[in-house]
>>> print(open('run24.cif').read())   # mmCIF, N, CA and C atoms
data_my_file
loop_
_atom_site.label_atom_id
_atom_site.label_comp_id
_atom_site.auth_asym_id
_atom_site.auth_seq_id
_atom_site.Cartn_x
_atom_site.Cartn_y
_atom_site.Cartn_z
N MET A 88 123.15 57.42 91.07
CA MET A 88 122.71 56.87 89.81
C MET A 88 122.81 55.35 89.87
N ARG A 89 121.75 54.63 89.48
CA ARG A 89 121.77 53.18 89.47
C ARG A 89 122.71 52.67 88.40
N SER A 90 123.42 51.61 88.70
CA SER A 90 124.30 51.04 87.68
C SER A 90 123.47 50.31 86.64
N MET A 91 123.92 50.35 85.40
CA MET A 91 123.20 49.69 84.30
C MET A 91 123.57 48.23 84.28
N PRO A 92 122.60 47.37 83.95
CA PRO A 92 122.91 45.95 83.83
C PRO A 92 123.94 45.72 82.72
N GLN A 93 124.69 44.64 82.84
CA GLN A 93 125.72 44.31 81.85
C GLN A 93 125.16 44.22 80.44
N TRP A 94 123.96 43.64 80.26
CA TRP A 94 123.38 43.50 78.93
C TRP A 94 123.09 44.83 78.29
N LEU A 95 122.73 45.84 79.12
CA LEU A 95 122.44 47.16 78.57
C LEU A 95 123.73 47.84 78.13
N MET A 96 124.79 47.64 78.89
CA MET A 96 126.06 48.26 78.55
C MET A 96 126.59 47.77 77.22
N ARG A 97 126.25 46.53 76.85
CA ARG A 97 126.70 46.01 75.56
C ARG A 97 126.06 46.76 74.40
N GLY A 98 124.80 47.15 74.54
CA GLY A 98 124.09 47.77 73.44
C GLY A 98 124.09 49.28 73.47
N LEU A 99 124.18 49.86 74.65
CA LEU A 99 124.11 51.30 74.78
C LEU A 99 125.22 51.76 75.72
N ALA A 100 125.89 52.82 75.38
CA ALA A 100 126.91 53.38 76.26
C ALA A 100 126.58 54.83 76.53
N VAL A 101 126.94 55.32 77.70
CA VAL A 101 126.68 56.72 78.02
C VAL A 101 128.02 57.43 78.13
N VAL A 102 128.17 58.48 77.34
CA VAL A 102 129.40 59.25 77.31
C VAL A 102 129.04 60.70 77.62
N GLY A 103 129.54 61.23 78.70
CA GLY A 103 129.26 62.62 79.05
C GLY A 103 127.77 62.90 79.20
N GLY A 104 126.99 61.92 79.62
CA GLY A 104 125.56 62.11 79.83
C GLY A 104 124.74 62.03 78.56
N VAL A 105 125.38 61.80 77.41
CA VAL A 105 124.66 61.71 76.14
C VAL A 105 124.74 60.28 75.64
N ALA A 106 123.62 59.76 75.23
CA ALA A 106 123.58 58.37 74.78
C ALA A 106 124.34 58.20 73.48
N VAL A 107 125.15 57.18 73.42
CA VAL A 107 125.84 56.79 72.20
C VAL A 107 125.32 55.41 71.85
N LEU A 108 124.78 55.25 70.67
CA LEU A 108 124.19 53.97 70.29
C LEU A 108 125.19 53.10 69.57
N ALA A 109 125.23 51.86 69.96
CA ALA A 109 125.99 50.86 69.23
C ALA A 109 124.96 50.08 68.43
N VAL A 110 124.85 50.37 67.15
CA VAL A 110 123.81 49.81 66.31
C VAL A 110 124.37 48.61 65.56
N LEU A 111 123.66 47.50 65.62
CA LEU A 111 124.09 46.33 64.87
C LEU A 111 123.60 46.44 63.45
N VAL A 112 124.52 46.39 62.50
CA VAL A 112 124.18 46.46 61.08
C VAL A 112 124.72 45.20 60.44
N GLY A 113 123.83 44.26 60.11
CA GLY A 113 124.29 42.97 59.62
C GLY A 113 125.14 42.32 60.69
N PHE A 114 126.41 42.06 60.39
CA PHE A 114 127.30 41.46 61.37
C PHE A 114 128.32 42.48 61.88
N GLU A 115 128.19 43.73 61.44
CA GLU A 115 129.14 44.75 61.85
C GLU A 115 128.50 45.68 62.86
N ARG A 116 129.29 46.22 63.75
CA ARG A 116 128.81 47.18 64.74
C ARG A 116 129.28 48.57 64.32
N VAL A 117 128.35 49.50 64.28
CA VAL A 117 128.67 50.87 63.93
C VAL A 117 128.48 51.72 65.18
N ILE A 118 129.49 52.45 65.60
CA ILE A 118 129.38 53.30 66.78
C ILE A 118 129.14 54.74 66.31
N LEU A 119 128.06 55.33 66.79
CA LEU A 119 127.73 56.70 66.45
C LEU A 119 128.26 57.63 67.53
N SER A 120 128.87 58.72 67.13
CA SER A 120 129.36 59.69 68.11
C SER A 120 128.16 60.42 68.70
N PRO A 121 128.32 61.06 69.87
CA PRO A 121 127.20 61.77 70.49
C PRO A 121 126.58 62.82 69.58
N ALA A 122 127.39 63.50 68.79
CA ALA A 122 126.86 64.54 67.91
C ALA A 122 126.03 63.95 66.77
N ASP A 123 126.39 62.74 66.32
CA ASP A 123 125.69 62.10 65.22
C ASP A 123 124.56 61.18 65.65
N ALA A 124 124.51 60.84 66.92
CA ALA A 124 123.51 59.88 67.41
C ALA A 124 122.11 60.45 67.22
N PRO A 125 121.22 59.67 66.59
CA PRO A 125 119.86 60.16 66.36
C PRO A 125 119.04 60.23 67.64
N CYS A 126 119.42 59.47 68.64
CA CYS A 126 118.69 59.46 69.91
C CYS A 126 119.59 59.98 71.01
N LYS A 127 119.02 60.76 71.88
CA LYS A 127 119.84 61.41 72.91
C LYS A 127 119.48 60.99 74.33
N ALA A 128 118.60 60.00 74.50
CA ALA A 128 118.18 59.60 75.85
C ALA A 128 117.95 58.10 75.89
N ILE A 129 117.94 57.56 77.09
CA ILE A 129 117.64 56.15 77.30
C ILE A 129 116.53 56.08 78.34
N ARG A 130 115.48 55.29 78.04
CA ARG A 130 114.40 55.07 79.00
C ARG A 130 114.32 53.57 79.25
N ALA A 131 113.99 53.22 80.48
CA ALA A 131 113.89 51.80 80.83
C ALA A 131 112.51 51.46 81.37
N ASN A 132 111.99 50.33 80.93
CA ASN A 132 110.76 49.74 81.46
C ASN A 132 109.58 50.70 81.50
N ILE A 133 109.36 51.48 80.43
CA ILE A 133 108.23 52.40 80.45
C ILE A 133 106.89 51.68 80.35
N SER A 134 106.89 50.43 79.88
CA SER A 134 105.65 49.65 79.84
C SER A 134 105.35 48.99 81.17
N GLY A 135 106.34 48.89 82.04
CA GLY A 135 106.15 48.27 83.35
C GLY A 135 105.49 49.25 84.32
N SER A 136 104.78 48.74 85.28
CA SER A 136 104.11 49.57 86.27
C SER A 136 105.14 50.32 87.10
N GLY A 137 105.15 51.63 87.00
CA GLY A 137 106.10 52.43 87.76
C GLY A 137 107.54 52.19 87.37
N GLY A 138 107.78 51.74 86.16
CA GLY A 138 109.14 51.49 85.70
C GLY A 138 109.70 50.15 86.13
N ALA A 139 108.85 49.28 86.66
CA ALA A 139 109.30 47.96 87.12
C ALA A 139 109.46 47.00 85.95
N VAL A 140 110.19 45.91 86.19
CA VAL A 140 110.29 44.84 85.20
C VAL A 140 108.89 44.27 84.96
N MET A 141 108.71 43.60 83.83
CA MET A 141 107.40 43.05 83.48
C MET A 141 107.43 41.53 83.56
N THR A 142 106.39 40.97 84.13
CA THR A 142 106.24 39.53 84.19
C THR A 142 105.51 39.07 82.94
N VAL A 143 106.12 38.13 82.24
CA VAL A 143 105.50 37.58 81.03
C VAL A 143 104.97 36.20 81.39
N ASP A 144 103.64 36.09 81.32
CA ASP A 144 102.98 34.84 81.69
C ASP A 144 102.35 34.20 80.47
N ALA A 145 101.34 33.37 80.68
CA ALA A 145 100.70 32.64 79.59
C ALA A 145 99.46 33.35 79.05
N THR A 146 99.32 34.66 79.30
CA THR A 146 98.17 35.41 78.80
C THR A 146 98.04 35.24 77.29
N VAL A 147 96.86 34.80 76.85
CA VAL A 147 96.62 34.61 75.42
C VAL A 147 96.81 35.95 74.70
N GLY A 148 97.57 35.94 73.63
CA GLY A 148 97.86 37.17 72.89
C GLY A 148 99.13 37.85 73.33
N GLY A 149 99.66 37.44 74.48
CA GLY A 149 100.92 37.99 74.96
C GLY A 149 100.77 39.27 75.75
N ILE A 150 101.84 39.66 76.41
CA ILE A 150 101.94 40.89 77.19
C ILE A 150 102.71 41.91 76.34
N THR A 151 102.18 43.13 76.24
CA THR A 151 102.89 44.17 75.49
C THR A 151 104.07 44.65 76.33
N VAL A 152 105.28 44.40 75.83
CA VAL A 152 106.49 44.84 76.53
C VAL A 152 107.05 46.12 75.92
N LEU A 153 106.61 46.43 74.70
CA LEU A 153 107.07 47.63 74.02
C LEU A 153 105.96 48.11 73.10
N ALA A 154 105.40 49.28 73.39
CA ALA A 154 104.36 49.86 72.54
C ALA A 154 104.99 50.41 71.27
N ALA A 155 104.22 50.48 70.21
CA ALA A 155 104.72 51.01 68.94
C ALA A 155 105.09 52.48 69.11
N SER A 156 106.19 52.91 68.49
CA SER A 156 106.61 54.30 68.52
C SER A 156 107.50 54.59 67.32
N ALA A 157 107.04 55.47 66.45
CA ALA A 157 107.82 55.85 65.27
C ALA A 157 109.05 56.67 65.65
N ALA A 158 109.10 57.18 66.88
CA ALA A 158 110.23 58.00 67.32
C ALA A 158 111.37 57.16 67.90
N ARG A 159 111.17 55.86 68.09
CA ARG A 159 112.18 55.00 68.71
C ARG A 159 113.31 54.70 67.74
N CYS A 160 114.54 54.87 68.19
CA CYS A 160 115.72 54.59 67.37
C CYS A 160 116.30 53.21 67.63
N ALA A 161 116.19 52.76 68.86
CA ALA A 161 116.76 51.47 69.22
C ALA A 161 116.11 50.99 70.51
N ALA A 162 116.17 49.68 70.72
CA ALA A 162 115.64 49.10 71.96
C ALA A 162 116.35 47.78 72.22
N VAL A 163 116.34 47.37 73.48
CA VAL A 163 116.88 46.08 73.89
C VAL A 163 115.86 45.44 74.81
N ILE A 164 115.47 44.20 74.50
CA ILE A 164 114.59 43.43 75.37
C ILE A 164 115.46 42.39 76.06
N GLN A 165 115.45 42.39 77.39
CA GLN A 165 116.25 41.46 78.19
C GLN A 165 115.33 40.53 78.96
N ASN A 166 115.52 39.23 78.79
CA ASN A 166 114.82 38.24 79.59
C ASN A 166 115.75 37.92 80.76
N GLU A 167 115.38 38.34 81.95
CA GLU A 167 116.26 38.23 83.11
C GLU A 167 116.60 36.78 83.45
N GLN A 168 117.77 36.59 84.02
CA GLN A 168 118.25 35.28 84.45
C GLN A 168 117.32 34.72 85.52
N GLY A 169 117.05 33.43 85.49
CA GLY A 169 116.27 32.78 86.53
C GLY A 169 114.80 32.60 86.20
N GLY A 170 114.32 33.26 85.16
CA GLY A 170 112.93 33.10 84.74
C GLY A 170 112.82 32.09 83.62
N GLY A 171 111.63 32.02 83.04
CA GLY A 171 111.40 31.11 81.94
C GLY A 171 111.68 31.75 80.59
N ASP A 172 111.83 30.93 79.57
CA ASP A 172 112.01 31.42 78.20
C ASP A 172 110.71 32.07 77.72
N VAL A 173 110.85 33.04 76.81
CA VAL A 173 109.68 33.71 76.24
C VAL A 173 109.82 33.76 74.72
N ARG A 174 108.69 33.93 74.06
CA ARG A 174 108.68 34.21 72.62
C ARG A 174 108.04 35.57 72.44
N CYS A 175 108.65 36.39 71.58
CA CYS A 175 108.16 37.74 71.33
C CYS A 175 107.82 37.88 69.85
N ALA A 176 106.70 38.55 69.59
CA ALA A 176 106.26 38.77 68.21
C ALA A 176 106.14 40.28 67.97
N PHE A 177 106.29 40.65 66.73
CA PHE A 177 106.37 42.06 66.36
C PHE A 177 105.16 42.47 65.53
N GLY A 178 104.70 43.70 65.76
CA GLY A 178 103.58 44.24 64.99
C GLY A 178 102.30 43.48 65.25
N ALA A 179 101.62 43.10 64.17
CA ALA A 179 100.31 42.44 64.28
C ALA A 179 100.41 40.94 64.56
N THR A 180 101.61 40.38 64.55
CA THR A 180 101.77 38.96 64.81
C THR A 180 101.49 38.66 66.29
N THR A 181 100.73 37.62 66.55
CA THR A 181 100.41 37.22 67.92
C THR A 181 101.38 36.15 68.38
N PRO A 182 102.07 36.38 69.51
CA PRO A 182 103.00 35.35 69.99
C PRO A 182 102.26 34.18 70.62
N THR A 183 102.81 33.00 70.44
CA THR A 183 102.32 31.78 71.10
C THR A 183 103.55 31.06 71.64
N THR A 184 103.36 29.91 72.22
CA THR A 184 104.50 29.15 72.73
C THR A 184 105.41 28.64 71.61
N THR A 185 104.93 28.70 70.36
CA THR A 185 105.74 28.24 69.22
C THR A 185 105.93 29.30 68.15
N VAL A 186 105.24 30.44 68.26
CA VAL A 186 105.33 31.51 67.25
C VAL A 186 105.97 32.74 67.89
N GLY A 187 106.98 33.26 67.24
CA GLY A 187 107.68 34.45 67.73
C GLY A 187 109.16 34.15 67.90
N PHE A 188 109.90 35.19 68.21
CA PHE A 188 111.34 35.09 68.38
C PHE A 188 111.64 34.63 69.80
N LEU A 189 112.38 33.54 69.94
CA LEU A 189 112.69 32.99 71.25
C LEU A 189 113.78 33.82 71.94
N ILE A 190 113.50 34.25 73.18
CA ILE A 190 114.51 34.89 74.02
C ILE A 190 114.62 34.04 75.27
N ALA A 191 115.70 33.29 75.37
CA ALA A 191 115.92 32.41 76.51
C ALA A 191 116.22 33.23 77.76
N ALA A 192 116.00 32.65 78.93
CA ALA A 192 116.31 33.32 80.19
C ALA A 192 117.79 33.71 80.19
N GLY A 193 118.06 34.94 80.59
CA GLY A 193 119.43 35.44 80.63
C GLY A 193 119.93 36.01 79.32
N GLN A 194 119.10 36.01 78.28
CA GLN A 194 119.50 36.50 76.96
C GLN A 194 118.78 37.82 76.65
N ASN A 195 119.27 38.51 75.62
CA ASN A 195 118.63 39.75 75.21
C ASN A 195 118.47 39.79 73.70
N PHE A 196 117.65 40.72 73.25
CA PHE A 196 117.39 40.90 71.83
C PHE A 196 117.49 42.39 71.51
N PRO A 197 118.59 42.83 70.90
CA PRO A 197 118.74 44.24 70.54
C PRO A 197 118.05 44.54 69.21
N MET A 198 117.46 45.72 69.11
CA MET A 198 116.77 46.13 67.89
C MET A 198 117.16 47.56 67.53
N GLY A 199 117.18 47.82 66.24
CA GLY A 199 117.35 49.18 65.73
C GLY A 199 115.98 49.72 65.39
N LEU A 200 115.83 50.26 64.20
CA LEU A 200 114.56 50.84 63.78
C LEU A 200 113.43 49.82 63.69
N GLU A 201 113.76 48.53 63.54
CA GLU A 201 112.71 47.52 63.51
C GLU A 201 111.97 47.46 64.85
N GLY A 202 112.55 48.04 65.88
CA GLY A 202 111.92 48.10 67.20
C GLY A 202 110.86 49.18 67.33
N GLN A 203 110.49 49.82 66.22
CA GLN A 203 109.45 50.85 66.28
C GLN A 203 108.05 50.25 66.37
N VAL A 204 107.90 48.98 66.07
CA VAL A 204 106.59 48.33 66.12
C VAL A 204 106.31 47.82 67.53
N GLN A 205 105.06 47.47 67.77
CA GLN A 205 104.67 46.89 69.05
C GLN A 205 105.32 45.52 69.21
N VAL A 206 105.76 45.20 70.43
CA VAL A 206 106.34 43.90 70.72
C VAL A 206 105.56 43.28 71.89
N ARG A 207 105.03 42.07 71.64
CA ARG A 207 104.30 41.33 72.68
C ARG A 207 105.01 40.00 72.91
N CYS A 208 105.02 39.57 74.17
CA CYS A 208 105.72 38.33 74.52
C CYS A 208 104.82 37.42 75.36
N ILE A 209 105.12 36.11 75.29
CA ILE A 209 104.41 35.09 76.06
C ILE A 209 105.45 34.07 76.52
N ARG A 210 105.24 33.48 77.68
CA ARG A 210 106.18 32.44 78.15
C ARG A 210 106.00 31.18 77.31
N THR A 211 107.07 30.37 77.23
CA THR A 211 107.01 29.16 76.42
C THR A 211 106.73 27.91 77.24
N GLY A 212 106.99 27.96 78.53
CA GLY A 212 106.79 26.79 79.39
C GLY A 212 105.94 27.15 80.59
N SER A 213 106.19 26.50 81.71
CA SER A 213 105.39 26.73 82.91
C SER A 213 105.95 27.83 83.81
N THR A 214 107.14 28.35 83.52
CA THR A 214 107.76 29.39 84.34
C THR A 214 107.65 30.74 83.64
N ASN A 215 107.16 31.75 84.38
CA ASN A 215 107.04 33.10 83.83
C ASN A 215 108.41 33.67 83.50
N GLY A 216 108.45 34.52 82.49
CA GLY A 216 109.66 35.26 82.16
C GLY A 216 109.62 36.61 82.86
N THR A 217 110.77 37.22 83.08
CA THR A 217 110.85 38.55 83.65
C THR A 217 111.60 39.43 82.65
N ILE A 218 110.90 40.41 82.10
CA ILE A 218 111.44 41.21 81.00
C ILE A 218 111.79 42.62 81.45
N SER A 219 112.95 43.07 81.04
CA SER A 219 113.35 44.47 81.16
C SER A 219 113.53 45.00 79.74
N VAL A 220 113.16 46.24 79.53
CA VAL A 220 113.29 46.86 78.21
C VAL A 220 113.99 48.21 78.37
N ALA A 221 114.97 48.46 77.53
CA ALA A 221 115.59 49.78 77.45
C ALA A 221 115.38 50.27 76.03
N GLU A 222 115.03 51.54 75.91
CA GLU A 222 114.80 52.10 74.57
C GLU A 222 115.43 53.47 74.47
N ALA A 223 115.75 53.83 73.25
CA ALA A 223 116.29 55.16 72.95
C ALA A 223 115.30 55.84 72.00
N PRO A 224 114.49 56.75 72.56
CA PRO A 224 113.50 57.45 71.74
C PRO A 224 114.11 58.62 70.99
#
>>> encode(input="run24.cif", output="structure tokens")
Amino acid sequence: MRSMPQWLMRGLAVVGGVAVLAVLVGFERVILSPADAPCKAIRANISGSGGAVMTVDATVGGITVLAASAARCAAVIQNEQGGGDVRCAFGATTPTTTVGFLIAAGQNFPMGLEGQVQVRCIRTGSTNGTISVAEAP
């Protein structure tokens, strides 16, 4: 079994093979037990080719890093260390170099149910970003 990146371990923990979600609610963290957890699995990089990380470049309109899914309970978008900063927009909003939520290289953005919408990202400078996504459907 591949080891999970440190950023993923912060947001999702696996106990006895069943996903336990650490959901951020305001400024408090609520830990759901395996029996109460609404999601029972973790998938990574399903938008990437063959499960690979996704390169976020300057494509007008952004790259879809997470397709919309009403069944998604939580997701984490990680901008890998060493790449460029990216901006991500949700739903019908189009990301640009100045519009969207900034995710700096080496940082992540955890989402709960708000992660059910489509998420598209674009790089902010001249260096491409490298995105990994983990989701709990």
>>> closest_residue(input="run24.cif", among="A:Gly138, A:Pro197, A:Ala221, A:Cys208", to="A:Val152", atoms="only N, CA and C atoms")
A:Cys208
>>> resolve_selection(input="run24.cif", expression="the PyMOL selection byres ((chain A and resi 193) around 5)", output="PyMOL selection string")
chain A and resi 166-168+191-192+194-195
>>> atom_distance(input="run24.cif", atom1="atom N of A:Ala128", atom2="atom N of A:Val163")
12.9 Å
>>> residues_near_point(input="run24.cif", point="(103.4, 32.3, 71.0)", cutoff="8 Å", atoms="all atoms listed in the file", output="PDB file with N, CA and C atoms, in the frame of the given file")
ATOM      1  N   GLY A 148      97.570  35.940  73.630  1.00  0.00           N
ATOM      2  CA  GLY A 148      97.860  37.170  72.890  1.00  0.00           C
ATOM      3  C   GLY A 148      99.130  37.850  73.330  1.00  0.00           C
ATOM      4  N   GLY A 149      99.660  37.440  74.480  1.00  0.00           N
ATOM      5  CA  GLY A 149     100.920  37.990  74.960  1.00  0.00           C
ATOM      6  C   GLY A 149     100.770  39.270  75.750  1.00  0.00           C
ATOM      7  N   VAL A 173     110.850  33.040  76.810  1.00  0.00           N
ATOM      8  CA  VAL A 173     109.680  33.710  76.240  1.00  0.00           C
ATOM      9  C   VAL A 173     109.820  33.760  74.720  1.00  0.00           C
ATOM     10  N   ARG A 174     108.690  33.930  74.060  1.00  0.00           N
ATOM     11  CA  ARG A 174     108.680  34.210  72.620  1.00  0.00           C
ATOM     12  C   ARG A 174     108.040  35.570  72.440  1.00  0.00           C
ATOM     13  N   CYS A 175     108.650  36.390  71.580  1.00  0.00           N
ATOM     14  CA  CYS A 175     108.160  37.740  71.330  1.00  0.00           C
ATOM     15  C   CYS A 175     107.820  37.880  69.850  1.00  0.00           C
ATOM     16  N   ALA A 176     106.700  38.550  69.590  1.00  0.00           N
ATOM     17  CA  ALA A 176     106.260  38.770  68.210  1.00  0.00           C
ATOM     18  C   ALA A 176     106.140  40.280  67.970  1.00  0.00           C
ATOM     19  N   THR A 181     100.730  37.620  66.550  1.00  0.00           N
ATOM     20  CA  THR A 181     100.410  37.220  67.920  1.00  0.00           C
ATOM     21  C   THR A 181     101.380  36.150  68.380  1.00  0.00           C
ATOM     22  N   PRO A 182     102.070  36.380  69.510  1.00  0.00           N
ATOM     23  CA  PRO A 182     103.000  35.350  69.990  1.00  0.00           C
ATOM     24  C   PRO A 182     102.260  34.180  70.620  1.00  0.00           C
ATOM     25  N   THR A 183     102.810  33.000  70.440  1.00  0.00           N
ATOM     26  CA  THR A 183     102.320  31.780  71.100  1.00  0.00           C
ATOM     27  C   THR A 183     103.550  31.060  71.640  1.00  0.00           C
ATOM     28  N   THR A 184     103.360  29.910  72.220  1.00  0.00           N
ATOM     29  CA  THR A 184     104.500  29.150  72.730  1.00  0.00           C
ATOM     30  C   THR A 184     105.410  28.640  71.610  1.00  0.00           C
ATOM     31  N   THR A 185     104.930  28.700  70.360  1.00  0.00           N
ATOM     32  CA  THR A 185     105.740  28.240  69.220  1.00  0.00           C
ATOM     33  C   THR A 185     105.930  29.300  68.150  1.00  0.00           C
ATOM     34  N   VAL A 186     105.240  30.440  68.260  1.00  0.00           N
ATOM     35  CA  VAL A 186     105.330  31.510  67.250  1.00  0.00           C
ATOM     36  C   VAL A 186     105.970  32.740  67.890  1.00  0.00           C
ATOM     37  N   GLY A 187     106.980  33.260  67.240  1.00  0.00           N
ATOM     38  CA  GLY A 187     107.680  34.450  67.730  1.00  0.00           C
ATOM     39  C   GLY A 187     109.160  34.150  67.900  1.00  0.00           C
ATOM     40  N   PHE A 188     109.900  35.190  68.210  1.00  0.00           N
ATOM     41  CA  PHE A 188     111.340  35.090  68.380  1.00  0.00           C
ATOM     42  C   PHE A 188     111.640  34.630  69.800  1.00  0.00           C
ATOM     43  N   CYS A 208     105.020  39.570  74.170  1.00  0.00           N
ATOM     44  CA  CYS A 208     105.720  38.330  74.520  1.00  0.00           C
ATOM     45  C   CYS A 208     104.820  37.420  75.360  1.00  0.00           C
ATOM     46  N   ILE A 209     105.120  36.110  75.290  1.00  0.00           N
ATOM     47  CA  ILE A 209     104.410  35.090  76.060  1.00  0.00           C
ATOM     48  C   ILE A 209     105.450  34.070  76.520  1.00  0.00           C
ATOM     49  N   ARG A 210     105.240  33.480  77.680  1.00  0.00           N
ATOM     50  CA  ARG A 210     106.180  32.440  78.150  1.00  0.00           C
ATOM     51  C   ARG A 210     106.000  31.180  77.310  1.00  0.00           C
ATOM     52  N   THR A 211     107.070  30.370  77.230  1.00  0.00           N
ATOM     53  CA  THR A 211     107.010  29.160  76.420  1.00  0.00           C
ATOM     54  C   THR A 211     106.730  27.910  77.240  1.00  0.00           C
TER      55      THR A 211
END
>>> atom_distance(input="run24.cif", atom1="atom CA of A:Leu153", atom2="atom CA of A:Thr214")
21.0 Å
>>> closest_residue(input="run24.cif", among="A:Phe196, A:Val206, A:Ala179, A:Ile129", to="A:Ile150", atoms="all atoms listed in the file")
A:Val206
>>> atom_distance(input="run24.cif", atom1="atom CA of A:Thr146", atom2="atom C of A:Ala158")
27.7 Å
